[in-house]
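Below: query25.pdb (PDB, C-alpha atoms and all ligand atoms)
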```pdb
ATOM      1  CA  MET A   1     -11.431 186.266  -5.033
ATOM      2  CA  ALA A   2      -9.825 186.017  -1.611
ATOM      3  CA  ARG A   3     -12.060 185.064   1.300
ATOM      4  CA  ILE A   4     -11.921 184.920   5.082
ATOM      5  CA  THR A   5     -12.634 181.324   6.063
ATOM      6  CA  ALA A   6     -12.129 181.450   9.813
ATOM      7  CA  SER A   7     -11.070 183.561  12.757
ATOM      8  CA  VAL A   8      -8.803 182.484  15.580
ATOM      9  CA  TYR A   9      -8.551 184.195  18.978
ATOM     10  CA  THR A  10      -5.858 183.639  21.563
ATOM     11  CA  SER A  11      -3.957 185.180  24.454
ATOM     12  CA  HIS A  12      -0.268 185.990  23.865
ATOM     13  CA  VAL A  13       1.346 185.506  27.313
ATOM     14  CA  PRO A  14       5.135 185.909  26.849
ATOM     15  CA  ALA A  15       5.893 183.178  29.426
ATOM     16  CA  ILE A  16       4.172 180.695  27.073
ATOM     17  CA  GLY A  17       6.803 181.506  24.443
ATOM     18  CA  ALA A  18       9.542 181.184  27.037
ATOM     19  CA  ALA A  19       8.157 177.785  28.167
ATOM     20  CA  LEU A  20       8.238 176.528  24.570
ATOM     21  CA  ASP A  21      11.685 177.933  23.829
ATOM     22  CA  ALA A  22      13.107 176.458  27.063
ATOM     23  CA  GLY A  23      11.532 173.009  26.459
ATOM     24  CA  LYS A  24       9.218 173.189  29.463
ATOM     25  CA  THR A  25       5.944 172.275  27.754
ATOM     26  CA  GLN A  26       5.726 168.924  29.593
ATOM     27  CA  GLU A  27       5.913 170.503  33.035
ATOM     28  CA  PRO A  28       2.523 170.085  34.779
ATOM     29  CA  TYR A  29       1.996 173.873  35.012
ATOM     30  CA  TRP A  30       2.353 174.275  31.235
ATOM     31  CA  GLN A  31       0.985 170.923  30.071
ATOM     32  CA  VAL A  32      -2.607 172.025  30.745
ATOM     33  CA  VAL A  33      -2.072 175.246  28.815
ATOM     34  CA  PHE A  34      -0.623 173.583  25.714
ATOM     35  CA  LYS A  35      -3.258 170.824  25.812
ATOM     36  CA  GLY A  36      -5.845 173.495  25.061
ATOM     37  CA  TYR A  37      -4.125 174.021  21.690
ATOM     38  CA  ASP A  38      -3.750 170.359  20.578
ATOM     39  CA  PHE A  39      -7.002 170.532  18.625
ATOM     40  CA  SER A  40      -6.000 173.886  17.145
ATOM     41  CA  LYS A  41      -2.634 172.708  15.786
ATOM     42  CA  GLN A  42      -4.315 169.787  14.011
ATOM     43  CA  TRP A  43      -7.128 172.067  12.792
ATOM     44  CA  LEU A  44      -4.616 174.544  11.327
ATOM     45  CA  LYS A  45      -2.705 171.752   9.554
ATOM     46  CA  GLU A  46      -5.907 170.467   7.972
ATOM     47  CA  ARG A  47      -7.095 173.912   6.877
ATOM     48  CA  LYS A  48      -3.791 175.485   6.052
ATOM     49  CA  PRO A  49      -4.530 179.109   5.118
ATOM     50  CA  ASP A  50      -2.714 180.914   2.315
ATOM     51  CA  VAL A  51      -2.334 183.984   4.524
ATOM     52  CA  VAL A  52      -2.954 184.873   8.167
ATOM     53  CA  PHE A  53      -3.991 188.462   8.889
ATOM     54  CA  LEU A  54      -2.745 188.707  12.461
ATOM     55  CA  VAL A  55      -4.165 191.439  14.702
ATOM     56  CA  TYR A  56      -1.928 191.971  17.735
ATOM     57  CA  ASN A  57      -0.328 194.662  19.824
ATOM     58  CA  ASP A  58       3.280 195.727  20.012
ATOM     59  CA  HIS A  59       4.583 196.207  23.574
ATOM     60  CA  ALA A  60       6.856 199.229  23.034
ATOM     61  CA  ASN A  61       9.298 197.072  21.038
ATOM     62  CA  ALA A  62       8.773 198.109  17.400
ATOM     63  CA  PHE A  63       7.179 201.396  18.452
ATOM     64  CA  SER A  64       8.204 203.501  21.403
ATOM     65  CA  LEU A  65       6.411 206.358  23.104
ATOM     66  CA  GLU A  66       7.921 208.560  20.376
ATOM     67  CA  MET A  67       5.475 207.291  17.770
ATOM     68  CA  ILE A  68       2.215 205.530  18.528
ATOM     69  CA  PRO A  69       0.088 204.506  15.546
ATOM     70  CA  THR A  70      -3.428 203.434  16.503
ATOM     71  CA  PHE A  71      -3.609 200.931  13.619
ATOM     72  CA  ALA A  72      -0.485 199.861  11.695
ATOM     73  CA  ILE A  73      -0.401 197.411   8.793
ATOM     74  CA  GLY A  74       2.822 195.572   7.973
ATOM     75  CA  THR A  75       3.391 195.688   4.211
ATOM     76  CA  ALA A  76       6.977 194.358   4.206
ATOM     77  CA  ALA A  77       8.167 191.105   2.611
ATOM     78  CA  GLU A  78       9.529 189.932   5.952
ATOM     79  CA  PHE A  79       9.594 190.868   9.632
ATOM     80  CA  ASN A  80      12.378 190.094  12.063
ATOM     81  CA  ILE A  81      11.736 188.842  15.580
ATOM     82  CA  ALA A  82      12.060 191.630  18.176
ATOM     83  CA  ASP A  83      14.671 191.548  20.903
ATOM     84  CA  GLU A  84      12.569 192.205  24.008
ATOM     85  CA  GLY A  85      15.553 192.426  26.315
ATOM     86  CA  TRP A  86      16.908 188.851  26.372
ATOM     87  CA  GLY A  87      17.538 188.307  22.653
ATOM     88  CA  PRO A  88      15.004 187.526  19.925
ATOM     89  CA  ARG A  89      12.922 184.359  20.453
ATOM     90  CA  PRO A  90      14.445 181.416  18.520
ATOM     91  CA  VAL A  91      11.537 181.208  16.074
ATOM     92  CA  PRO A  92      11.422 181.583  12.278
ATOM     93  CA  LYS A  93      11.281 185.066  10.796
ATOM     94  CA  VAL A  94       7.829 186.123   9.655
ATOM     95  CA  VAL A  95       7.249 186.197   5.903
ATOM     96  CA  GLY A  96       4.788 188.892   4.847
ATOM     97  CA  GLN A  97       2.368 189.213   1.924
ATOM     98  CA  PRO A  98       3.087 192.719   0.555
ATOM     99  CA  GLU A  99       0.614 192.516  -2.352
ATOM    100  CA  LEU A 100      -2.426 191.610  -0.249
ATOM    101  CA  ALA A 101      -1.316 193.898   2.589
ATOM    102  CA  SER A 102      -1.030 196.856   0.198
ATOM    103  CA  HIS A 103      -4.432 196.067  -1.273
ATOM    104  CA  ILE A 104      -5.980 195.926   2.208
ATOM    105  CA  ALA A 105      -4.306 199.251   3.102
ATOM    106  CA  GLN A 106      -5.712 200.848  -0.053
ATOM    107  CA  SER A 107      -9.221 199.504   0.507
ATOM    108  CA  VAL A 108      -9.449 200.104   4.264
ATOM    109  CA  ILE A 109      -8.037 203.637   4.066
ATOM    110  CA  GLN A 110     -10.542 204.396   1.300
ATOM    111  CA  GLN A 111     -13.232 203.085   3.681
ATOM    112  CA  ASP A 112     -12.177 205.941   6.006
ATOM    113  CA  PHE A 113      -9.942 204.115   8.504
ATOM    114  CA  ASP A 114      -6.578 205.735   9.130
ATOM    115  CA  LEU A 115      -3.914 203.049   8.917
ATOM    116  CA  THR A 116      -0.191 203.605   9.313
ATOM    117  CA  ILE A 117       1.739 201.800   6.586
ATOM    118  CA  VAL A 118       4.782 200.063   7.995
ATOM    119  CA  ASN A 119       7.518 198.834   5.667
ATOM    120  CA  ARG A 120       9.927 197.796   8.386
ATOM    121  CA  MET A 121       8.948 196.418  11.782
ATOM    122  CA  ASP A 122      10.196 193.817  14.251
ATOM    123  CA  VAL A 123       7.432 191.676  15.718
ATOM    124  CA  ASP A 124       7.275 190.882  19.442
ATOM    125  CA  HIS A 125       5.602 188.215  21.612
ATOM    126  CA  GLY A 126       2.201 189.686  20.758
ATOM    127  CA  LEU A 127       2.581 188.134  17.315
ATOM    128  CA  THR A 128       5.022 185.266  17.823
ATOM    129  CA  VAL A 129       3.341 183.597  20.822
ATOM    130  CA  PRO A 130       0.004 183.124  19.000
ATOM    131  CA  LEU A 131       1.949 181.655  16.041
ATOM    132  CA  SER A 132       3.797 179.294  18.384
ATOM    133  CA  LEU A 133       0.583 178.208  20.102
ATOM    134  CA  MET A 134      -1.119 177.459  16.780
ATOM    135  CA  CYS A 135       1.860 176.037  14.850
ATOM    136  CA  GLY A 136       4.220 174.560  17.452
ATOM    137  CA  GLN A 137       7.925 174.778  16.652
ATOM    138  CA  PRO A 138       8.299 174.470  12.855
ATOM    139  CA  GLN A 139      11.408 175.359  10.804
ATOM    140  CA  ALA A 140       9.299 177.962   8.991
ATOM    141  CA  TRP A 141       5.813 179.318   9.713
ATOM    142  CA  PRO A 142       3.256 177.514   7.528
ATOM    143  CA  CYS A 143       2.160 180.583   5.539
ATOM    144  CA  PRO A 144       2.757 184.309   5.055
ATOM    145  CA  VAL A 145       1.471 186.597   7.808
ATOM    146  CA  ILE A 146       0.261 190.199   7.575
ATOM    147  CA  PRO A 147       0.995 191.837  10.947
ATOM    148  CA  PHE A 148      -1.631 194.353  12.019
ATOM    149  CA  ALA A 149      -0.592 196.243  15.149
ATOM    150  CA  VAL A 150      -3.154 198.015  17.344
ATOM    151  CA  ASN A 151      -2.320 200.500  20.074
ATOM    152  CA  VAL A 152      -3.713 199.184  23.354
ATOM    153  CA  VAL A 153      -0.676 200.253  25.379
ATOM    154  CA  GLN A 154      -0.863 204.056  25.510
ATOM    155  CA  TYR A 155      -4.158 205.887  26.035
ATOM    156  CA  PRO A 156      -6.294 206.791  24.173
ATOM    157  CA  VAL A 157      -6.978 203.335  22.712
ATOM    158  CA  PRO A 158      -9.552 202.602  19.992
ATOM    159  CA  SER A 159     -13.093 201.686  21.036
ATOM    160  CA  GLY A 160     -14.636 198.258  20.631
ATOM    161  CA  ARG A 161     -17.103 199.735  18.145
ATOM    162  CA  ARG A 162     -14.303 201.083  15.968
ATOM    163  CA  CYS A 163     -12.494 197.745  16.131
ATOM    164  CA  LEU A 164     -15.593 195.784  15.066
ATOM    165  CA  ASN A 165     -16.243 198.189  12.187
ATOM    166  CA  LEU A 166     -12.605 197.983  11.126
ATOM    167  CA  GLY A 167     -13.007 194.197  10.941
ATOM    168  CA  LYS A 168     -15.964 194.682   8.609
ATOM    169  CA  ALA A 169     -13.837 196.939   6.398
ATOM    170  CA  ILE A 170     -11.012 194.367   6.370
ATOM    171  CA  ARG A 171     -13.480 191.718   5.227
ATOM    172  CA  LYS A 172     -14.568 193.940   2.305
ATOM    173  CA  ALA A 173     -10.938 194.587   1.457
ATOM    174  CA  VAL A 174     -10.061 190.882   1.388
ATOM    175  CA  GLU A 175     -13.106 190.037  -0.714
ATOM    176  CA  SER A 176     -12.172 192.652  -3.296
ATOM    177  CA  TYR A 177      -8.766 191.029  -3.903
ATOM    178  CA  ASP A 178      -8.675 189.153  -7.209
ATOM    179  CA  GLU A 179      -6.515 186.168  -6.318
ATOM    180  CA  ASP A 180      -8.173 183.046  -4.857
ATOM    181  CA  LEU A 181      -6.729 183.056  -1.365
ATOM    182  CA  ASN A 182      -7.838 181.333   1.838
ATOM    183  CA  VAL A 183      -7.324 184.023   4.484
ATOM    184  CA  GLN A 184      -7.668 183.603   8.234
ATOM    185  CA  ILE A 185      -7.930 186.557  10.582
ATOM    186  CA  TRP A 186      -6.550 186.171  14.094
ATOM    187  CA  GLY A 187      -7.413 188.431  17.039
ATOM    188  CA  THR A 188      -4.934 188.150  19.895
ATOM    189  CA  GLY A 189      -4.063 189.450  23.368
ATOM    190  CA  GLY A 190      -5.986 189.323  26.665
ATOM    191  CA  MET A 191      -7.702 187.851  28.533
ATOM    192  CA  SER A 192      -8.062 189.533  31.935
ATOM    193  CA  HIS A 193      -4.763 190.602  33.467
ATOM    194  CA  GLN A 194      -3.098 193.540  35.152
ATOM    195  CA  LEU A 195       0.675 193.715  35.378
ATOM    196  CA  GLN A 196       1.203 196.720  37.624
ATOM    197  CA  GLY A 197      -0.167 198.799  40.489
ATOM    198  CA  PRO A 198      -2.201 197.765  43.521
ATOM    199  CA  ARG A 199      -4.416 195.450  41.429
ATOM    200  CA  ALA A 200      -1.492 193.549  39.817
ATOM    201  CA  GLY A 201      -2.467 189.899  39.348
ATOM    202  CA  LEU A 202      -6.153 190.646  38.761
ATOM    203  CA  ILE A 203      -8.020 187.863  36.931
ATOM    204  CA  ASN A 204     -11.792 187.897  36.295
ATOM    205  CA  ARG A 205     -13.104 184.522  35.089
ATOM    206  CA  GLU A 206     -16.702 185.705  34.998
ATOM    207  CA  PHE A 207     -15.893 188.679  32.778
ATOM    208  CA  ASP A 208     -13.688 186.562  30.502
ATOM    209  CA  ASN A 209     -16.298 183.869  29.947
ATOM    210  CA  ALA A 210     -19.075 186.404  29.407
ATOM    211  CA  PHE A 211     -16.778 188.103  26.859
ATOM    212  CA  LEU A 212     -16.303 184.785  25.014
ATOM    213  CA  ASP A 213     -20.073 184.149  25.023
ATOM    214  CA  ARG A 214     -20.840 187.604  23.685
ATOM    215  CA  LEU A 215     -18.016 187.650  21.178
ATOM    216  CA  ILE A 216     -19.583 184.532  19.658
ATOM    217  CA  ALA A 217     -23.280 185.382  19.886
ATOM    218  CA  ASP A 218     -23.591 189.162  20.268
ATOM    219  CA  PRO A 219     -20.520 190.923  18.842
ATOM    220  CA  GLU A 220     -22.463 194.140  18.190
ATOM    221  CA  GLY A 221     -23.485 194.227  21.864
ATOM    222  CA  GLN A 222     -19.927 193.515  22.996
ATOM    223  CA  ALA A 223     -18.654 196.284  20.711
ATOM    224  CA  ALA A 224     -20.782 198.786  22.647
ATOM    225  CA  VAL A 225     -18.887 198.078  25.899
ATOM    226  CA  PRO A 226     -16.696 201.123  26.671
ATOM    227  CA  HIS A 227     -12.966 200.674  27.223
ATOM    228  CA  ILE A 228     -13.244 201.743  30.870
ATOM    229  CA  ASP A 229     -15.345 198.629  31.573
ATOM    230  CA  TYR A 230     -12.517 196.412  30.280
ATOM    231  CA  VAL A 231     -10.010 198.210  32.491
ATOM    232  CA  ARG A 232     -12.278 198.069  35.542
ATOM    233  CA  GLU A 233     -13.366 194.447  35.116
ATOM    234  CA  ALA A 234     -10.474 192.801  33.235
ATOM    235  CA  GLY A 235      -7.500 194.854  34.459
ATOM    236  CA  SER A 236      -5.334 197.463  32.755
ATOM    237  CA  GLU A 237      -4.001 194.923  30.217
ATOM    238  CA  GLY A 238      -7.433 193.322  29.757
ATOM    239  CA  ILE A 239      -8.056 196.102  27.227
ATOM    240  CA  GLU A 240      -6.027 193.959  24.781
ATOM    241  CA  LEU A 241      -9.333 192.115  24.260
ATOM    242  CA  VAL A 242     -10.718 194.883  22.009
ATOM    243  CA  MET A 243      -8.436 193.487  19.316
ATOM    244  CA  TRP A 244     -10.547 190.320  19.225
ATOM    245  CA  LEU A 245     -13.425 192.476  17.919
ATOM    246  CA  ILE A 246     -11.427 193.307  14.781
ATOM    247  CA  ALA A 247     -11.232 189.614  13.874
ATOM    248  CA  ARG A 248     -14.873 189.064  14.855
ATOM    249  CA  GLY A 249     -15.995 191.987  12.668
ATOM    250  CA  ALA A 250     -14.554 190.230   9.621
ATOM    251  CA  MET A 251     -16.829 187.189   9.983
ATOM    252  CA  ALA A 252     -19.619 186.510   7.489
ATOM    253  CA  ASP A 253     -22.616 186.959   9.807
ATOM    254  CA  LEU A 254     -21.818 190.652  10.235
ATOM    255  CA  ALA A 255     -22.125 191.083   6.471
ATOM    256  CA  GLY A 256     -25.498 189.329   6.274
ATOM    257  CA  GLY A 257     -24.243 185.707   6.259
ATOM    258  CA  SER A 258     -24.889 182.830   8.651
ATOM    259  CA  PRO A 259     -23.478 182.723  12.202
ATOM    260  CA  PRO A 260     -20.024 181.189  12.586
ATOM    261  CA  LYS A 261     -19.468 177.650  13.842
ATOM    262  CA  VAL A 262     -17.573 177.394  17.124
ATOM    263  CA  ALA A 263     -14.891 174.853  16.234
ATOM    264  CA  HIS A 264     -12.994 175.140  19.530
ATOM    265  CA  ARG A 265     -13.160 176.980  22.840
ATOM    266  CA  PHE A 266     -10.623 176.892  25.695
ATOM    267  CA  TYR A 267     -10.135 178.847  28.901
ATOM    268  CA  HIS A 268      -7.516 178.338  31.580
ATOM    269  CA  VAL A 269      -6.145 180.166  34.621
ATOM    270  CA  PRO A 270      -3.303 180.794  35.274
ATOM    271  CA  ALA A 271      -0.520 181.272  32.774
ATOM    272  CA  SER A 272       1.982 183.700  34.221
ATOM    273  CA  ASN A 273      -0.170 186.664  35.346
ATOM    274  CA  THR A 274      -2.828 186.085  32.746
ATOM    275  CA  ALA A 275      -6.018 184.185  32.018
ATOM    276  CA  VAL A 276      -5.624 182.277  28.746
ATOM    277  CA  GLY A 277      -8.562 182.277  26.357
ATOM    278  CA  HIS A 278      -8.810 180.720  22.917
ATOM    279  CA  LEU A 279     -11.546 180.396  20.291
ATOM    280  CA  ILE A 280     -11.777 179.188  16.722
ATOM    281  CA  LEU A 281     -14.745 180.350  14.666
ATOM    282  CA  GLU A 282     -15.380 179.035  11.168
ATOM    283  CA  ASN A 283     -17.418 180.784   8.510
ATOM    284  CA  PRO A 284     -20.161 178.506   7.155
TER     285      PRO A 284
HETATM  286  C1  LIG B   1       2.123 189.156  30.618
HETATM  287  C2  LIG B   1       1.008 189.214  29.796
HETATM  288  C3  LIG B   1       0.990 190.021  28.659
HETATM  289  O1  LIG B   1      -0.072 190.174  27.835
HETATM  290  C4  LIG B   1       2.112 190.745  28.319
HETATM  291  O2  LIG B   1       2.088 191.428  27.173
HETATM  292  C5  LIG B   1       3.229 190.709  29.139
HETATM  293  C6  LIG B   1       3.232 189.924  30.288
HETATM  294  C7  LIG B   1       2.161 188.302  31.825
HETATM  295  O3  LIG B   1       1.202 187.553  32.099
HETATM  296  O4  LIG B   1       3.158 188.303  32.530
HETATM  297 FE    FE B   2       0.299 191.858  26.195
END
```
Could you quickly redo this structure as structure tokens?
Ligand code: DHB
Ligand code: FE
Amino acid sequence: MARITASVYTSHVPAIGAALDAGKTQEPYWQVVFKGYDFSKQWLKERKPDVVFLVYNDHANAFSLEMIPTFAIGTAAEFNIADEGWGPRPVPKVVGQPELASHIAQSVIQQDFDLTIVNRMDVDHGLTVPLSLMCGQPQAWPCPVIPFAVNVVQYPVPSGRRCLNLGKAIRKAVESYDEDLNVQIWGTGGMSHQLQGPRAGLINREFDNAFLDRLIADPEGQAAVPHIDYVREAGSEGIELVMWLIARGAMADLAGGSPPKVAHRFYHVPASNTAVGHLILENP
């Protein structure tokens, strides 16, 4: 059967992608950011997954305000890189895994979550920047990716509780797939940041680090935090963090197994307007 071996969490700051694409990774400002991912790149090479289930948010690139799915699963064979206004990032196209994605859609919808099935979708920095941070600049991404887009852009957004429970349903779905596959689930976005209004530039290190602590040790408690607390404490875009609870919900301890091992933890301020957070949790 397929199994979820690990979860990876990371911010998706678009300027990180731009720094990579423009060859600026050795500049002192960026060097410290990329250093936080040296371990992770080696770790990913050594534990190459067969598939990454990548939870992220679209930023009005694939979807507009005309159609706003709360949860959308990418079932296509491939996904092109979105043009976010200055041309698509020069990164490989994303190869999907339609068979597993369709199976997960079937299972999760039958577990009473309403997913939108997406057979054509361009993927933006929300998905490509985490891939770049974890994989560097390869000719092709190391494995197929199932994009899973969550609405955290237009209110109402899903609650932390719903996200954690969705992760549990995704775990069941993966484990009911017949083929022996090593699947990783990634939760991306965040950490604290606000891009507009009088509080633009808001960063909250205390909130971010408490979130990391609780995500690791008390995910059920963190899931009870209402979305307004994220907005108040972590800024209007800090709400992206609820997506991390989807990945956390898919870990073994929430289905009666042992707690995950913290393989890596990194936190840095600033990167563009955003606090960068990163975690790797391994299932025992
Ligand atoms: C920034 C951060 C984001 O998460 C995003 O989607 C866009 C911009 C920023 O820090 O500038
Ligand atoms: Fe974002």
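For the residues A:Leu131, A:Val242, A:Val13, A:Ile216, ranking by smallest atom-to-atom distance to ligand LIG 1 (chain B) using all atoms listed in the file places A:Val13 first.
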Which residues of chain A come within 8 Å of ligand FE 2 (chain B), and for each one, what is the closest pair of atoms and their distance in Å to one decimal, counting only C-alpha atoms and all ligand atoms, sorted by chain and residue number, as JSON lines?
```
{"residue": "A:His12", "atom": "CA", "partner": "B:FE2", "partner_atom": "FE", "distance": 6.3}
{"residue": "A:Val13", "atom": "CA", "partner": "B:FE2", "partner_atom": "FE", "distance": 6.5}
{"residue": "A:Pro14", "atom": "CA", "partner": "B:FE2", "partner_atom": "FE", "distance": 7.7}
{"residue": "A:Asn57", "atom": "CA", "partner": "B:FE2", "partner_atom": "FE", "distance": 7.0}
{"residue": "A:Asp58", "atom": "CA", "partner": "B:FE2", "partner_atom": "FE", "distance": 7.9}
{"residue": "A:His59", "atom": "CA", "partner": "B:FE2", "partner_atom": "FE", "distance": 6.6}
{"residue": "A:His125", "atom": "CA", "partner": "B:FE2", "partner_atom": "FE", "distance": 7.9}
{"residue": "A:Gly126", "atom": "CA", "partner": "B:FE2", "partner_atom": "FE", "distance": 6.2}
{"residue": "A:Gly189", "atom": "CA", "partner": "B:FE2", "partner_atom": "FE", "distance": 5.7}
{"residue": "A:Gly190", "atom": "CA", "partner": "B:FE2", "partner_atom": "FE", "distance": 6.8}
{"residue": "A:Glu237", "atom": "CA", "partner": "B:FE2", "partner_atom": "FE", "distance": 6.6}
{"residue": "A:Glu240", "atom": "CA", "partner": "B:FE2", "partner_atom": "FE", "distance": 6.8}
```
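Straight-line separation from CA of Glu233 in chain A to CA of Met191 in chain A: 10.9 Å.
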| Got a sec: who's within 8 Å of Ala223 in chain A, counting only C-alpha atoms, leaving out chain neighbours fewer than 3 positions off, as a ChimeraX atom specification? | /A:159-161,163-164,219-220,226,245
| Using all atoms listed in the file: which of A:Gly238, A:Gly167, A:Gly221, A:Gly74 has the shortest distance to ligand LIG 1 (chain B) | A:Gly238
| Output of the PyMOL selection byres (((chain A and resi 84) around 10) and not hetatm), listed as JSON, numbers by chain | {"A": [59, 60, 61, 62, 81, 82, 83, 85, 86, 87, 88, 89, 123, 124, 125]}
Could the residues in this selection be written to a file with C-alpha atoms, as a compact mmCIF listing (two decimals), in the frame of the given file?
```txt
# COMPACT_ATOMS: atom_id res chain seq x y z
CA HIS A 59 4.58 196.21 23.57
CA ALA A 60 6.86 199.23 23.03
CA ASN A 61 9.30 197.07 21.04
CA ALA A 62 8.77 198.11 17.40
CA ILE A 81 11.74 188.84 15.58
CA ALA A 82 12.06 191.63 18.18
CA ASP A 83 14.67 191.55 20.90
CA GLY A 85 15.55 192.43 26.32
CA TRP A 86 16.91 188.85 26.37
CA GLY A 87 17.54 188.31 22.65
CA PRO A 88 15.00 187.53 19.92
CA ARG A 89 12.92 184.36 20.45
CA VAL A 123 7.43 191.68 15.72
CA ASP A 124 7.28 190.88 19.44
CA HIS A 125 5.60 188.22 21.61
```
| remark: With distances taken over all atoms listed in the file, the candidate from A:Asn165, A:Ser192, A:Ser258, A:Ser107 nearest ligand LIG 1 (chain B) is A:Ser192
| request: Evaluate the PyMOL selection byres (((chain A and resi 3) around 9) and not hetatm) on the structure here and hand back the selected residues as number ranges by chain. | output: A: 1-2, 4-5, 171, 174-177, 180-184
| task | On this file, the PyMOL selection byres (((chain A and resi 54) around 7) and not hetatm) gives some set of residues; write that set as a ChimeraX atom specification. | result | /A:52-53,55-56,145-148,185-187
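Within 8 Å of range 274-278 of chain A, once all atoms listed in the file are used and residues closer than 5 positions along the same chain are dropped, the contacting residues are Val8, Tyr9, Thr10, Ser11, Val13, Val33, Gly190, Met191, Ser192, His193, Gln194, Gly201, Ile203, Arg205, Asp208, His264, Arg265, Phe266, Tyr267, His268 and Val269 of chain A.
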Keeping only C-alpha atoms, write the selected residues as a PDB file, keeping the file's coordinate frame.
```
ATOM      1  CA  VAL A   8      -8.803 182.484  15.580  1.00  0.00           C
ATOM      2  CA  TYR A   9      -8.551 184.195  18.978  1.00  0.00           C
ATOM      3  CA  THR A  10      -5.858 183.639  21.563  1.00  0.00           C
ATOM      4  CA  SER A  11      -3.957 185.180  24.454  1.00  0.00           C
ATOM      5  CA  VAL A  13       1.346 185.506  27.313  1.00  0.00           C
ATOM      6  CA  VAL A  33      -2.072 175.246  28.815  1.00  0.00           C
ATOM      7  CA  GLY A 190      -5.986 189.323  26.665  1.00  0.00           C
ATOM      8  CA  MET A 191      -7.702 187.851  28.533  1.00  0.00           C
ATOM      9  CA  SER A 192      -8.062 189.533  31.935  1.00  0.00           C
ATOM     10  CA  HIS A 193      -4.763 190.602  33.467  1.00  0.00           C
ATOM     11  CA  GLN A 194      -3.098 193.540  35.152  1.00  0.00           C
ATOM     12  CA  GLY A 201      -2.467 189.899  39.348  1.00  0.00           C
ATOM     13  CA  ILE A 203      -8.020 187.863  36.931  1.00  0.00           C
ATOM     14  CA  ARG A 205     -13.104 184.522  35.089  1.00  0.00           C
ATOM     15  CA  ASP A 208     -13.688 186.562  30.502  1.00  0.00           C
ATOM     16  CA  HIS A 264     -12.994 175.140  19.530  1.00  0.00           C
ATOM     17  CA  ARG A 265     -13.160 176.980  22.840  1.00  0.00           C
ATOM     18  CA  PHE A 266     -10.623 176.892  25.695  1.00  0.00           C
ATOM     19  CA  TYR A 267     -10.135 178.847  28.901  1.00  0.00           C
ATOM     20  CA  HIS A 268      -7.516 178.338  31.580  1.00  0.00           C
ATOM     21  CA  VAL A 269      -6.145 180.166  34.621  1.00  0.00           C
TER      22      VAL A 269
END
```
Written-out range 137-148 of chain A (N, CA and C atoms) as an mmCIF file, in the first residue's frame:
```cif
data_model
loop_
_atom_site.group_PDB
_atom_site.id
_atom_site.type_symbol
_atom_site.label_atom_id
_atom_site.label_comp_id
_atom_site.auth_asym_id
_atom_site.auth_seq_id
_atom_site.Cartn_x
_atom_site.Cartn_y
_atom_site.Cartn_z
ATOM 1 N N GLN A 137 17.720 23.767 -8.192
ATOM 2 C CA GLN A 137 17.397 24.135 -9.576
ATOM 3 C C GLN A 137 17.649 22.974 -10.538
ATOM 4 N N PRO A 138 16.896 21.870 -10.394
ATOM 5 C CA PRO A 138 17.114 20.707 -11.256
ATOM 6 C C PRO A 138 16.507 20.908 -12.653
ATOM 7 N N GLN A 139 16.888 20.038 -13.585
ATOM 8 C CA GLN A 139 16.314 20.050 -14.942
ATOM 9 C C GLN A 139 14.855 19.597 -14.900
ATOM 10 N N ALA A 140 14.568 18.678 -13.982
ATOM 11 C CA ALA A 140 13.189 18.200 -13.791
ATOM 12 C C ALA A 140 12.997 18.011 -12.291
ATOM 13 N N TRP A 141 11.798 18.217 -11.792
ATOM 14 C CA TRP A 141 11.525 17.963 -10.373
ATOM 15 C C TRP A 141 11.724 16.481 -10.097
ATOM 16 N N PRO A 142 12.179 16.114 -8.896
ATOM 17 C CA PRO A 142 12.585 14.726 -8.650
ATOM 18 C C PRO A 142 11.449 13.699 -8.673
ATOM 19 N N CYS A 143 10.212 14.126 -8.547
ATOM 20 C CA CYS A 143 9.111 13.150 -8.536
ATOM 21 C C CYS A 143 7.810 13.845 -8.923
ATOM 22 N N PRO A 144 6.776 13.059 -9.242
ATOM 23 C CA PRO A 144 5.468 13.661 -9.508
ATOM 24 C C PRO A 144 4.925 14.392 -8.267
ATOM 25 N N VAL A 145 4.089 15.376 -8.533
ATOM 26 C CA VAL A 145 3.522 16.222 -7.477
ATOM 27 C C VAL A 145 2.005 16.281 -7.680
ATOM 28 N N ILE A 146 1.253 16.103 -6.606
ATOM 29 C CA ILE A 146 -0.196 16.329 -6.667
ATOM 30 C C ILE A 146 -0.466 17.691 -6.023
ATOM 31 N N PRO A 147 -0.841 18.692 -6.828
ATOM 32 C CA PRO A 147 -1.137 20.008 -6.256
ATOM 33 C C PRO A 147 -2.499 19.991 -5.555
ATOM 34 N N PHE A 148 -2.520 20.554 -4.359
ATOM 35 C CA PHE A 148 -3.764 20.619 -3.590
ATOM 36 C C PHE A 148 -3.935 22.063 -3.125
#
```
